[in-house]
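Below: one structure, written as structure tokens.
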Amino acid sequence: MSTLALALRWIHLVASVALVGGAVMLLVAGASDRPTALAWQRRVARAARWLLLVAVVAGVGVLAHQTALLEGRAGAAFEPRALLRVATETQGGLVWLSRLALLALAGFFVSGGLRVVARVDWVALHGETAALAALALALASAAGHAAAVEPGAIRAIAVDFIHLAATGVWAGALPALALLLRAASRESGADARPYAVVAGRRFSRWALVTVIALGLSGVVNATTHIADVAGLIGTTYGRLLLVKLVAFALALIVAARHRRRLLPALSGDAETIGRPAMRRLAASVTTEAVLIAAVLAVVAALGVTPPARHEQAAWPFAFRLATAALERSTEARWQVLVGSQVAVIGLVGLLCVAMLRRQRLRLPLLAGALVLVTMGGALALIPLAVDAYPTTYHRPTVPYTATSIVSGMAVYDEHCAVCHGRSGGGDGPAAPRLPRPPADLRAPHTGDHTAGDLFWWVSHGIARAAMPGFAATLSEEQRWDVINYVRLLGVLETARWMGPTVDPGRAWLVAPDFSYTVAPAPPRSLRDYRGGRHVLLVLYTLPRSRERLAQLADAYQMLTTLGVEIIAVPTDASPDAIKKLGDTPRVLFPVVTDGGLDILSVYRRFDTAPHAEFLIDRRGYLRARWSSRTETARDMNRLLAEIQELNQEKADAPPADEHVH
Amino acid sequence: MRALTAALLVNLFLVVVGAAGGWHLWRRTAAQADARTITWGGPEREWRDVEGVVRAIVPELGIVVLTHADIPGYMPGMTMGFRLAGAKIPPSLSVGDAVRFTVRGSPPLVVVTAIEKP
């Protein structure tokens with residue numbers, strides 16, 4: 001069923017593209033009264049009727065398949081009522097319906113029933129066909145992956161619209177052009193040769209513009225649906241795109257040969273140069289069209305493959321390139337510097353080879369340049385190579401939240417602490433008996449590894465260090481929980497140095513997300529403030545915090561004006577927190593009555609003082625910590641000054657969760 | 001029919017259909033937005049049994065500040081001050097009490113007509 005659906009999509013796509021291009025090619029070539037040209041025009045017009053029929057039939061087939069999928073039974077594909085429901089009630093169905101309607105309108109123009117009195121009629125006829133068919137083709141963007149992009153669906157649709165329209169206008173014209181060239185290269189078609197030469201030249205210029213549009217919109221499309229290199233080579237979507245790019249590149253190489261060699265030769269002597277060149281060009285354009293048909297097959301497959309951005313990329317290599325190693329070793333820095341310079345010299349050499357006229361010098365220079373590029377590249381890249389695993393680029397499926405960290409803490413204490421130690425120092429009771437000391441998880445080097453690396457080790461162990469794998473004992477969720485906890489352990493040491501003053505422009509400590517409730521209001525989470533407000537998280541203990549809370553209550557309006565929300569958590573996590581605060585001072589900011597335990601378990605790791613305050617900026621980074629242990633009283637004006645500092649910062653750090661190590 | 005006439009008619013048709021579709025879509029979006037926003041003024045309405053917790057009491061103004069649950073069709077859960085009908089605040093009410101209350105009026109002019117500890 002799915003192969004059939006894929007075939008239907010491909011046929012629909014090829015027919016739609018060729019329909020658009022055929023009409024465009026007629027317009028580009030222009031009207032003519034030569035018999036061979038007229039015969040070609042009739043042939044293209046006849047083909048358009050068939051293409052339109054095929055596109056509509058295959059399109060209805062795709063819609064029927066979609067209906068069967070949505071209704072969950074194959075029989076629905078043949079029920080008119082189910083078809084109608086999908087076509088009118090889903091966005092995808094509506095788009096397909098409009099596209100089929102546009103094709104039907106185009107059918108009116110390719111039917112041959114319209115009178116052509118003047119040249120303007122001829123242009124209107126083919127122009128309207130091209131426009132309607134191109135609109136029908138490009139509207140597919142509103143029913144594809146682009147429509148599901150969040151946020152920015154409109155932009156994604158617009159870019160994909162251009163991409164599809166350009167495909168139709170350029171690639172679709174190739175078969176028609178090949179037909180014309182073949183007809184004109186025959187002895188009997190000599191009358192249309194000048195017409196074909198002009199058509200070929202005009203199309204070549206036209207193609208240059210559309211291919212540039214195609215390339216640019218393609219790059220934007222790719223970055224929309226693929227997040228990174230791992231997504232490109234580690235997911236089905238990315239790999240299909242690579243196949244598409246290879247086929248497209250081959251088509252471009254063929255096209256470049258047309259421009260450089262064959263097109264200029266067309267105007268040569270008819271018998272010896274012009275006609276053979278035209279024959280070759282006809283064959284070559286056919287090859288190009290076949291390559292594009294292959295590209296379209298990949299496009300059809302891409303349309304039903306989930307975009308890489310929504311997939312976990314399986315990294316195929318045992319290493320990856322990372323600059324983290326450079327930060328620690330001067331030797332590695334030198335090696336990369338020298339290697340890259342050698343490679344640059346090699347590249348300059350290659351450039352010289354390309355521009356050199358003397359044939360005799362070319363080969364040795366080419367060999368030398370290649371050796372330099374290879375050696376320099378190897379020298380520079382080897383220190384950058386870091387061990388990698390299939391899961392290296394997996395994104396955590398469990399977000400970095402207090403609740404997850406707390407679950408991870410329990411799992412850690414049960415399974416990991418025996419070797420790694422309770423606080424992650426690599427000093428558990430079983431550690432001395434191991435062949436290699438267990439990793440110190442507090443050391444900053446855990447930042448060199450991706451969350452996916454940790455996931456691999458936790459799942460499959462590290463054989464040479466006698467670390468067991470936990471894939472069989474722990475669920476996937478539990479493993480991510482442990483990784484979230486280890487992520488917290490990795491930053492605790494450094495976080496100890498964070499003081500009450502905001503370090504301008506340096507946001508590095510991601511604040512673990514948490515959710516809380518001020519009963520009976522609906523639950524909220526720290527994340528809800530992202531991009532909106534800074535949060536002052538206050539962990540308080542009564543009665544000693546009362547004075548400070550009064551200060552905050554008095555300043556609450558001022559703080560709100562400066563873009564801060566206060567979230568207060570009692571260290572006893574009492575559900576009666578509001579009652580215990582009493583009526584003086586009038587505390588109106590959220591006082592957590594539920595969810596406080598998880599917040600305390602995590603944030604008290606940063607500071608165990610009875611009263612502690614954390615300033616979290618609106619991008620989700622922990623920026624300042626104030627503890628009753630270090631200072632007994634805190635000047636409110638200083639807090640306001642810190643907040644002002646945050647407000648004047650440019651938002652250059654990425655939002656906190658992108659920053660996964 | 002002449003091809004030019006046909007092309008012009010089809011384009012006209014598409015423009016009309018496009019405009020009608022756009023108008024329809026706009027109306028629908030506007031209607032959805034309307035459904036989300038509070039209708040200010042209008043007839044008097046009443047919301048019963050809203051859950052809340054008392055955050056502050058200002059007897060001299062007859063106001064209680066409540067953190068309350070979502071009030072369907074009026075506002076999401078938040079902390080805000082409410083005027084009590086008759087400006088009489090039950091003497092047993094104190095900060096931190098969980099309460100159920102009734103709001104009545106035509107937004108934004110609403111008063112709490114009943115407030116009780118469940």
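Note on naming: chains are A, B, ... as they come in the structure tokens, residues start from 1 per chain, ligands start from 1 in the order shown.
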
Discussion item. For segment 573-585 of chain A, find every residue with an atom within 6 Å (counting only C-alpha atoms), except residues of its own chain fewer than 6 positions away, and show them as an MDAnalysis selection string.
Written reply: (chainID A and resid 550 593 596:597) or (chainID B and resid 95:96)

Write out, as an mmCIF file, in the first residue's frame, the residues just selected, with N, CA and C atoms.
data_model
loop_
_atom_site.group_PDB
_atom_site.id
_atom_site.type_symbol
_atom_site.label_atom_id
_atom_site.label_comp_id
_atom_site.auth_asym_id
_atom_site.auth_seq_id
_atom_site.Cartn_x
_atom_site.Cartn_y
_atom_site.Cartn_z
ATOM 1 N N ALA A 550 8.870 40.668 53.977
ATOM 2 C CA ALA A 550 8.170 41.945 54.065
ATOM 3 C C ALA A 550 8.793 42.952 53.099
ATOM 4 N N THR A 593 2.400 26.163 47.174
ATOM 5 C CA THR A 593 1.776 25.277 48.157
ATOM 6 C C THR A 593 1.870 23.826 47.700
ATOM 7 N N GLY A 596 6.635 22.129 45.867
ATOM 8 C CA GLY A 596 7.810 22.711 46.507
ATOM 9 C C GLY A 596 8.910 21.703 46.807
ATOM 10 N N LEU A 597 8.510 20.452 47.083
ATOM 11 C CA LEU A 597 9.515 19.457 47.477
ATOM 12 C C LEU A 597 10.578 19.248 46.405
ATOM 13 N N VAL B 95 -6.261 35.292 56.223
ATOM 14 C CA VAL B 95 -5.314 35.017 55.132
ATOM 15 C C VAL B 95 -4.923 33.544 55.149
ATOM 16 N N GLY B 96 -4.898 32.927 53.960
ATOM 17 C CA GLY B 96 -4.512 31.531 53.845
ATOM 18 C C GLY B 96 -5.707 30.597 53.814
#

Among the residues of chain B, find those DSSP assigns to strand (DSSP E) from the backbone and print them as a short mmCIF file (atom, residue, chain, number, x, y, z; two decimals) with C-alpha atoms, in the first residue's frame.
data_model
loop_
_atom_site.label_atom_id
_atom_site.label_comp_id
_atom_site.auth_asym_id
_atom_site.auth_seq_id
_atom_site.Cartn_x
_atom_site.Cartn_y
_atom_site.Cartn_z
CA ARG B 45 -23.57 37.11 34.74
CA GLU B 46 -22.77 34.92 37.69
CA TRP B 47 -20.00 32.41 38.36
CA ARG B 48 -20.63 30.13 41.29
CA ASP B 49 -18.32 28.00 43.39
CA VAL B 50 -15.04 29.44 42.21
CA GLU B 51 -12.20 28.06 44.29
CA GLY B 52 -9.75 30.47 45.80
CA VAL B 53 -7.38 31.13 48.61
CA VAL B 54 -7.33 34.37 50.58
CA ARG B 55 -4.10 36.30 50.13
CA ALA B 56 -4.96 39.60 51.81
CA ILE B 57 -7.88 41.37 53.38
CA VAL B 58 -8.37 45.13 53.25
CA ILE B 63 -11.63 44.16 49.35
CA VAL B 64 -10.26 40.65 49.56
CA VAL B 65 -7.30 39.58 47.41
CA LEU B 66 -7.76 36.05 46.18
CA THR B 67 -5.60 33.61 44.24
CA HIS B 68 -8.33 31.83 42.34
CA MET B 78 -4.63 34.58 38.98
CA THR B 79 -4.18 36.66 42.08
CA MET B 80 -6.40 39.73 42.19
CA GLY B 81 -8.53 41.87 44.44
CA PHE B 82 -12.33 41.52 44.60
CA ARG B 83 -14.81 43.91 46.13
CA ALA B 98 -9.27 28.12 51.17
CA VAL B 99 -12.63 29.49 50.03
CA ARG B 100 -15.42 29.05 47.52
CA PHE B 101 -16.92 32.24 46.21
CA THR B 102 -19.51 33.56 43.81
CA VAL B 103 -18.76 36.43 41.43
CA ARG B 104 -21.61 38.39 39.96
CA GLY B 105 -21.83 41.32 37.62
CA SER B 106 -21.04 42.41 34.12
CA LEU B 109 -17.78 45.51 37.23
CA VAL B 110 -18.09 42.40 39.34
CA VAL B 111 -18.51 41.84 43.04
CA VAL B 112 -18.18 38.79 45.22
CA THR B 113 -21.69 38.06 46.44
CA ALA B 114 -20.88 35.04 48.55
CA ILE B 115 -17.72 33.70 50.07
CA GLU B 116 -17.48 30.72 52.34
#

Worksheet entry | Residue neighbourhood segment 12-14 of chain B, 12 Å, only C-alpha atoms, exclusion window fewer than 3 positions, as a list of chain:residue names | A:Ser98, A:Ala101, A:Leu102, A:Leu105, A:Glu128, A:Ala131, A:Leu132, A:Leu135, B:Thr5, B:Ala6, B:Ala7, B:Leu8, B:Leu9, B:Val17, B:Gly18, B:Ala19, B:Ala20, B:Gly21, B:Gly22

Discussion item. Neighbouring residues of Glu476 of chain A were defined as those with any atom within 12 Å, considering only C-alpha atoms; residues of the same chain fewer than 2 positions away were excluded. Please report them as number ranges by chain.
Written reply: A: 396-398, 408, 455-456, 458-459, 470-474, 478-483

Can you write just those residues out, C-alpha atoms, as an mmCIF file, in the first residue's frame?
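Heads up, here's the output in again_22.cif:
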data_model
loop_
_atom_site.group_PDB
_atom_site.id
_atom_site.type_symbol
_atom_site.label_atom_id
_atom_site.label_comp_id
_atom_site.auth_asym_id
_atom_site.auth_seq_id
_atom_site.Cartn_x
_atom_site.Cartn_y
_atom_site.Cartn_z
ATOM 1 C CA PRO A 396 16.979 14.070 25.811
ATOM 2 C CA THR A 397 13.400 12.875 25.649
ATOM 3 C CA VAL A 398 12.939 13.914 29.276
ATOM 4 C CA GLY A 408 17.281 10.547 38.677
ATOM 5 C CA PHE A 455 22.879 8.041 27.372
ATOM 6 C CA TRP A 456 25.014 5.558 25.478
ATOM 7 C CA VAL A 458 24.412 4.557 30.904
ATOM 8 C CA SER A 459 22.626 2.217 28.487
ATOM 9 C CA PHE A 470 21.641 -0.377 32.363
ATOM 10 C CA ALA A 471 19.546 -0.750 29.219
ATOM 11 C CA ALA A 472 17.972 -3.891 30.647
ATOM 12 C CA THR A 473 17.411 -2.637 34.208
ATOM 13 C CA LEU A 474 16.372 0.974 33.704
ATOM 14 C CA GLN A 478 14.910 6.515 34.058
ATOM 15 C CA ARG A 479 18.164 6.689 32.118
ATOM 16 C CA TRP A 480 17.391 10.247 30.998
ATOM 17 C CA ASP A 481 16.447 11.090 34.593
ATOM 18 C CA VAL A 482 19.880 9.912 35.755
ATOM 19 C CA ILE A 483 21.531 11.967 33.025
#

Fill in: Selected residue of minimal separation from Pro520 of chain A among A:Asp554, A:Asp387, A:Asp572, A:Asp594, counting only C-alpha atoms
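Closest candidate: A:Asp594.
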
Response to the item:
Closest of A:Leu559, A:Ala431, A:Ala511, A:Ala104 to Ala624 of chain A, counting only C-alpha atoms, is A:Ala511

Worksheet item: Using only C-alpha atoms, which of B:Lys88, B:Arg2, B:Lys117, B:Arg27 sits nearest chain A?
Response: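 Closest to chain A, using only C-alpha atoms: B:Arg2.
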
Discussion item. Between B:Met75, B:Ala31, B:Leu84, B:Ala3, which residue has the minimum interatomic distance to Leu61 of chain B, considering only C-alpha atoms?
Written reply: B:Leu84

Item to complete: Would you please extract all helix (DSSP H, G or I) residues from chain B, as assigned by DSSP on the backbone, and give them as a PyMOL selection string?
Response: chain B and resi 3-36+59-61+85-87

Item to complete: One decimal, Å: what's the distance from atom CA of Glu187 of chain A over to atom CA of Val44 of chain A, could you say?
Response: 20.7 Å

Discussion item. I'd like the contact shell of segment 373-383 of chain A - 7 Å cut-off, only C-alpha atoms, skipping same-chain residues fewer than 5 positions apart - returned as a list in words.
Written reply: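 Within the cut-off, the hits are Ala332, Gln335, Val336, Leu337, Gly339, Ser340, Val342, Ala343, Gly346 and Leu347 of chain A.
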
Any chance you could export the current selection's C-alpha atoms as an mmCIF file, in the first residue's frame?
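Now in selection.cif:
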data_model
loop_
_atom_site.group_PDB
_atom_site.id
_atom_site.type_symbol
_atom_site.label_atom_id
_atom_site.label_comp_id
_atom_site.auth_asym_id
_atom_site.auth_seq_id
_atom_site.Cartn_x
_atom_site.Cartn_y
_atom_site.Cartn_z
ATOM 1 C CA ALA A 332 46.364 20.353 20.093
ATOM 2 C CA GLN A 335 48.547 21.111 15.638
ATOM 3 C CA VAL A 336 45.211 22.429 14.384
ATOM 4 C CA LEU A 337 46.753 25.790 13.528
ATOM 5 C CA GLY A 339 47.496 21.682 9.875
ATOM 6 C CA SER A 340 44.891 24.174 8.764
ATOM 7 C CA VAL A 342 49.123 23.635 5.379
ATOM 8 C CA ALA A 343 45.685 22.738 4.033
ATOM 9 C CA GLY A 346 47.203 23.231 -0.608
ATOM 10 C CA LEU A 347 43.903 24.876 -1.516
#

Discussion item. Can you tell me which residues surround Ala213 of chain A at a distance of at most 12 Å, considering only C-alpha atoms, apart from same-chain residues fewer than 4 positions away, and format the answer as a list in words?
Written reply: Val159, Asp160, Phe161, Ile162, His163, Leu164, Ala165, Ala166, Thr167, Val169, Trp170, Trp206, Ala207, Leu208, Val209, Ser217, Gly218, Val219, Val220 and Asn221 of chain A

Worksheet item: Using only C-alpha atoms, which of the listed residues (A:Gln41, A:Thr517, A:Ser475, A:Ser267) sits closest to chain B?
Response: A:Thr517
